[in-house]
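Visitor: Got a structure for you, input_25.cif, holding mmCIF, C-alpha atoms.
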```cif
data_start
loop_
_atom_site.group_PDB
_atom_site.id
_atom_site.type_symbol
_atom_site.label_atom_id
_atom_site.label_comp_id
_atom_site.auth_asym_id
_atom_site.auth_seq_id
_atom_site.Cartn_x
_atom_site.Cartn_y
_atom_site.Cartn_z
ATOM 1 C CA ASP L 1143 91.683 121.600 100.375
ATOM 2 C CA LEU L 1144 89.450 122.405 97.420
ATOM 3 C CA GLU L 1145 91.351 119.866 95.326
ATOM 4 C CA VAL L 1146 90.835 117.180 97.989
ATOM 5 C CA VAL L 1147 87.108 117.925 98.266
ATOM 6 C CA ALA L 1148 86.710 117.867 94.480
ATOM 7 C CA LEU L 1149 88.556 114.539 94.153
ATOM 8 C CA SER L 1150 86.549 112.996 97.011
ATOM 9 C CA LEU L 1151 83.205 114.025 95.569
ATOM 10 C CA THR L 1152 84.269 112.905 92.091
ATOM 11 C CA ALA L 1153 85.284 109.493 93.437
ATOM 12 C CA GLU L 1154 81.958 109.172 95.219
ATOM 13 C CA PHE L 1155 80.078 110.152 92.061
ATOM 14 C CA MET L 1156 82.034 107.546 90.086
ATOM 15 C CA SER L 1157 81.298 104.901 92.798
ATOM 16 C CA ILE L 1158 84.994 104.433 93.497
ATOM 17 C CA ASP L 1159 85.528 103.290 97.084
ATOM 18 C CA SER L 1160 89.244 102.625 97.004
ATOM 19 C CA LYS L 1161 91.663 105.537 96.955
ATOM 20 C CA ASN L 1162 94.109 103.379 94.991
ATOM 21 C CA SER L 1163 91.457 102.832 92.336
ATOM 22 C CA LEU L 1164 90.727 106.549 92.208
ATOM 23 C CA PHE L 1165 94.329 107.404 91.427
ATOM 24 C CA LYS L 1166 94.504 104.647 88.801
ATOM 25 C CA GLU L 1167 91.421 106.090 87.076
ATOM 26 C CA ILE L 1168 92.681 109.668 86.989
ATOM 27 C CA ASN L 1169 94.509 110.729 83.857
ATOM 28 C CA LYS L 1170 97.596 112.450 85.270
ATOM 29 C CA GLU L 1171 98.264 114.186 81.937
ATOM 30 C CA GLN L 1172 94.975 116.109 82.206
ATOM 31 C CA ILE L 1173 95.657 117.287 85.778
ATOM 32 C CA SER L 1174 99.128 118.776 85.777
ATOM 33 C CA ASN L 1175 99.520 119.388 89.535
ATOM 34 C CA LEU L 1176 97.718 116.325 90.895
ATOM 35 C CA ILE L 1177 98.200 115.787 94.617
ATOM 36 C CA GLU L 1178 100.002 112.606 95.708
ATOM 37 C CA ARG L 1179 97.840 109.758 96.974
ATOM 38 C CA SER L 1180 99.340 109.733 100.491
ATOM 39 C CA GLN L 1181 98.858 113.496 100.864
ATOM 40 C CA PHE L 1182 95.307 113.134 99.554
ATOM 41 C CA ASN L 1183 94.489 110.502 102.200
ATOM 42 C CA LYS L 1184 95.933 112.579 105.066
ATOM 43 C CA ARG L 1185 94.166 115.767 104.028
ATOM 44 C CA ARG L 1186 90.914 113.918 103.318
ATOM 45 C CA ARG L 1187 90.832 112.519 106.855
ATOM 46 C CA LYS L 1188 91.305 116.022 108.270
ATOM 47 C CA LEU L 1189 88.475 117.342 106.087
ATOM 48 C CA PHE L 1190 85.992 114.600 107.004
ATOM 49 C CA LEU L 1191 83.525 116.862 108.848
ATOM 50 C CA PHE L 1192 83.599 119.461 106.080
ATOM 51 C CA LEU L 1193 83.081 116.771 103.422
ATOM 52 C CA GLU L 1194 80.082 115.436 105.339
ATOM 53 C CA GLU L 1195 78.585 118.915 105.486
ATOM 54 C CA VAL L 1196 79.051 119.380 101.735
ATOM 55 C CA ARG L 1197 77.599 115.915 101.044
ATOM 56 C CA ILE L 1198 74.510 116.643 103.182
ATOM 57 C CA LYS L 1199 73.911 119.988 101.475
ATOM 58 C CA LEU L 1200 74.265 118.432 98.030
ATOM 59 C CA ALA L 1201 71.957 115.559 98.914
ATOM 60 C CA SER L 1202 69.286 117.863 100.325
ATOM 61 C CA HIS L 1203 69.448 120.000 97.178
ATOM 62 C CA PHE L 1204 69.089 117.029 94.830
ATOM 63 C CA LEU L 1205 66.487 115.208 96.918
ATOM 64 C CA GLU L 1206 64.300 118.192 97.749
ATOM 65 C CA PHE L 1207 61.442 117.185 95.432
ATOM 66 C CA GLU L 1208 61.678 113.404 95.722
ATOM 67 C CA ASP L 1209 59.035 111.342 97.490
ATOM 68 C CA TYR L 1210 60.497 107.882 96.859
ATOM 69 C CA PHE L 1211 63.984 106.501 97.137
ATOM 70 C CA ILE L 1212 65.483 103.245 95.961
ATOM 71 C CA VAL L 1213 68.217 101.702 98.055
ATOM 72 C CA ASP L 1214 70.398 99.170 96.327
ATOM 73 C CA SER L 1215 72.152 97.010 98.852
ATOM 74 C CA MET L 1216 73.901 93.704 98.976
ATOM 75 C CA PRO L 1217 73.705 91.339 101.949
ATOM 76 C CA LEU L 1218 77.040 90.817 103.617
ATOM 77 C CA GLU L 1219 78.152 87.545 105.093
ATOM 78 C CA ILE L 1220 78.842 88.128 108.769
ATOM 79 C CA CYS L 1221 80.696 84.884 109.302
ATOM 80 C CA LYS L 1222 81.686 81.821 107.346
ATOM 81 C CA PHE L 1223 79.279 78.888 107.348
ATOM 82 C CA ALA L 1224 81.986 76.741 108.912
ATOM 83 C CA ARG L 1225 81.549 78.807 112.098
ATOM 84 C CA HIS L 1226 77.743 78.720 112.142
ATOM 85 C CA ASN L 1227 77.602 76.520 115.258
ATOM 86 C CA ARG L 1228 79.705 78.977 117.286
ATOM 87 C CA ILE L 1229 78.065 82.309 116.413
ATOM 88 C CA LYS L 1230 75.814 83.967 118.968
ATOM 89 C CA ILE L 1231 74.120 86.620 116.815
ATOM 90 C CA CYS L 1232 71.123 86.039 114.546
ATOM 91 C CA LYS L 1233 70.207 82.700 116.132
ATOM 92 C CA ASN L 1234 66.498 83.530 116.555
ATOM 93 C CA GLU L 1235 65.422 83.199 112.938
ATOM 94 C CA PHE L 1236 66.602 80.741 110.334
ATOM 95 C CA GLU L 1237 66.572 83.373 107.541
ATOM 96 C CA THR L 1238 69.216 85.496 109.248
#
```
Now, as a test, write the supplied structure out as C-alpha coordinates.
Guide:
Amino acid sequence: DLEVVALSLTAEFMSIDSKNSLFKEINKEQISNLIERSQFNKRRRKLFLFLEEVRIKLASHFLEFEDYFIVDSMPLEICKFARHNRIKICKNEFET
(Lines of atoms letter the chains of each structure in order from A and count residues from 1; the text may use other names and numbers.)
(Lines give C-alpha, C1' and ligand atoms only; values in the text may rest on other atoms or scores of the structure.)
Protein backbone atom coordinates (compact mmCIF):
# COMPACT_ATOMS: atom_id res chain seq x y z
CA ASP A 1 0.00 0.00 0.00
CA LEU A 2 2.88 2.35 0.73
CA GLU A 3 4.13 1.89 -2.83
CA VAL A 4 0.69 2.77 -4.22
CA VAL A 5 0.41 5.88 -2.03
CA ALA A 6 3.91 7.00 -3.01
CA LEU A 7 3.23 6.52 -6.74
CA SER A 8 -0.12 8.34 -6.49
CA LEU A 9 1.34 11.34 -4.70
CA THR A 10 4.30 11.42 -7.08
CA ALA A 11 1.96 11.41 -10.08
CA GLU A 12 -0.06 14.22 -8.56
CA PHE A 13 3.10 16.23 -7.87
CA MET A 14 4.21 15.72 -11.48
CA SER A 15 0.72 16.78 -12.73
CA ILE A 16 0.17 13.41 -14.38
CA ASP A 17 -3.54 12.62 -14.57
CA SER A 18 -3.42 9.45 -16.62
CA LYS A 19 -2.22 6.23 -15.03
CA ASN A 20 -0.93 5.12 -18.43
CA SER A 21 1.19 8.26 -18.64
CA LEU A 22 2.51 7.67 -15.13
CA PHE A 23 3.79 4.22 -16.01
CA LYS A 24 5.34 5.52 -19.24
CA GLU A 25 7.22 8.19 -17.27
CA ILE A 26 8.60 5.81 -14.65
CA ASN A 27 12.03 4.38 -15.33
CA LYS A 28 11.51 0.68 -14.62
CA GLU A 29 15.27 0.11 -14.32
CA GLN A 30 15.43 2.41 -11.27
CA ILE A 31 12.53 0.69 -9.49
CA SER A 32 13.28 -3.02 -9.54
CA ASN A 33 9.99 -4.32 -8.08
CA LEU A 34 7.55 -1.87 -9.68
CA ILE A 35 3.91 -2.85 -9.27
CA GLU A 36 1.94 -3.62 -12.45
CA ARG A 37 -0.36 -0.90 -13.74
CA SER A 38 -3.57 -2.95 -13.34
CA GLN A 39 -2.68 -3.88 -9.75
CA PHE A 40 -1.83 -0.24 -9.06
CA ASN A 41 -5.26 0.90 -10.29
CA LYS A 42 -7.14 -1.70 -8.22
CA ARG A 43 -5.22 -0.98 -5.03
CA ARG A 44 -5.41 2.79 -5.59
CA ARG A 45 -9.21 2.66 -5.77
CA LYS A 46 -9.32 0.74 -2.48
CA LEU A 47 -7.03 3.30 -0.85
CA PHE A 48 -9.00 6.35 -2.02
CA LEU A 49 -10.14 7.48 1.45
CA PHE A 50 -6.66 7.05 2.91
CA LEU A 51 -5.11 8.97 0.00
CA GLU A 52 -7.58 11.81 0.54
CA GLU A 53 -6.65 11.96 4.22
CA VAL A 54 -2.94 12.10 3.37
CA ARG A 55 -3.56 14.76 0.71
CA ILE A 56 -5.55 16.93 3.16
CA LYS A 57 -2.86 16.66 5.83
CA LEU A 58 -0.12 17.54 3.35
CA ALA A 59 -2.09 20.48 1.99
CA SER A 60 -2.83 21.86 5.45
CA HIS A 61 0.86 21.59 6.36
CA PHE A 62 2.03 23.40 3.23
CA LEU A 63 -0.73 26.01 3.25
CA GLU A 64 -0.66 26.83 6.95
CA PHE A 65 0.97 30.25 6.52
CA GLU A 66 -0.56 31.28 3.20
CA ASP A 67 -3.11 34.08 2.93
CA TYR A 68 -3.58 34.05 -0.85
CA PHE A 69 -4.06 31.27 -3.34
CA ILE A 70 -3.94 31.25 -7.11
CA VAL A 71 -6.23 28.87 -8.93
CA ASP A 72 -5.31 28.08 -12.49
CA SER A 73 -8.28 26.72 -14.35
CA MET A 74 -9.39 26.23 -17.89
CA PRO A 75 -12.99 26.65 -19.03
CA LEU A 76 -14.49 23.45 -20.31
CA GLU A 77 -16.90 23.27 -23.19
CA ILE A 78 -20.11 21.72 -21.90
CA CYS A 79 -21.57 21.03 -25.31
CA LYS A 80 -20.70 21.56 -28.94
CA PHE A 81 -21.86 24.78 -30.57
CA ALA A 82 -23.86 22.74 -33.06
CA ARG A 83 -26.19 21.80 -30.17
CA HIS A 84 -26.53 25.32 -28.75
CA ASN A 85 -30.21 25.60 -29.73
CA ARG A 86 -31.13 22.43 -27.82
CA ILE A 87 -29.30 22.95 -24.51
CA LYS A 88 -31.30 23.95 -21.46
CA ILE A 89 -28.51 25.01 -19.09
CA CYS A 90 -26.79 28.40 -19.07
CA LYS A 91 -29.47 30.08 -21.19
CA ASN A 92 -29.86 33.12 -18.89
CA GLU A 93 -26.65 34.93 -19.80
CA PHE A 94 -24.95 35.20 -23.15
CA GLU A 95 -21.45 34.86 -21.63
CA THR A 96 -22.14 31.37 -20.32
Visitor: List, as a list in words, every residue that the PyMOL selection byres ((chain L and resi 1194-1209) around 12) selects in the file provided.
Guide: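 This file, filtered by the PyMOL selection byres ((chain L and resi 1194-1209) around 12), leaves Leu1144, Val1147, Ala1148, Ser1150, Leu1151, Thr1152, Glu1154, Phe1155, Arg1186, Arg1187, Lys1188, Leu1189, Phe1190, Leu1191, Phe1192, Leu1193, Tyr1210, Phe1211 and Ile1212 of chain L.
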Visitor: On this file, the PyMOL selection byres ((chain L and resi 1179) around 8) gives some set of residues; write that set as a list of chain:residue names.
Guide: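 Output from the PyMOL selection byres ((chain L and resi 1179) around 8), applied to this file: L:Lys1161, L:Asn1162, L:Phe1165, L:Ile1177, L:Glu1178, L:Ser1180, L:Gln1181, L:Phe1182, L:Asn1183.
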Visitor: Now that the selection is made, can you save its residues with C-alpha atoms as a CSV table (one decimal), in the coordinates of the input?
Guide:
```csv
chain,number,residue,atom,x,y,z
L,1161,LYS,CA,91.7,105.5,97.0
L,1162,ASN,CA,94.1,103.4,95.0
L,1165,PHE,CA,94.3,107.4,91.4
L,1177,ILE,CA,98.2,115.8,94.6
L,1178,GLU,CA,100.0,112.6,95.7
L,1180,SER,CA,99.3,109.7,100.5
L,1181,GLN,CA,98.9,113.5,100.9
L,1182,PHE,CA,95.3,113.1,99.6
L,1183,ASN,CA,94.5,110.5,102.2
```
Visitor: Put a box with edges along x, y and z around all the listed atoms of region 1154-1163 of chain L, pad it by 8 Å on each side, then give me its centre and sizes in Å, one decimal, as JSON.
Guide:
```
{"center_x": 87.1, "center_y": 106.4, "center_z": 93.6, "size_x": 30.0, "size_y": 23.5, "size_z": 23.0}
```
Visitor: Work out how far CA of Leu1149 (chain L) is from CA of Ile1173 (chain L), in Å to one decimal.
Guide: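 Here the two named atoms are 11.3 Å from each other.
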Visitor: Mind giving me the straight-line distance from CA of Ile1158 (chain L) to CA of Asp1143 (chain L) in Å, one decimal?
Guide: 19.7 Å
Visitor: Please indicate the distance in Å from CA of Asn1175 (chain L) to CA of Ser1157 (chain L), rounded to one decimal place.
Guide: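 Atom-to-atom, CA of Asn1175 (chain L) and CA of Ser1157 (chain L) are spaced 23.5 Å apart.
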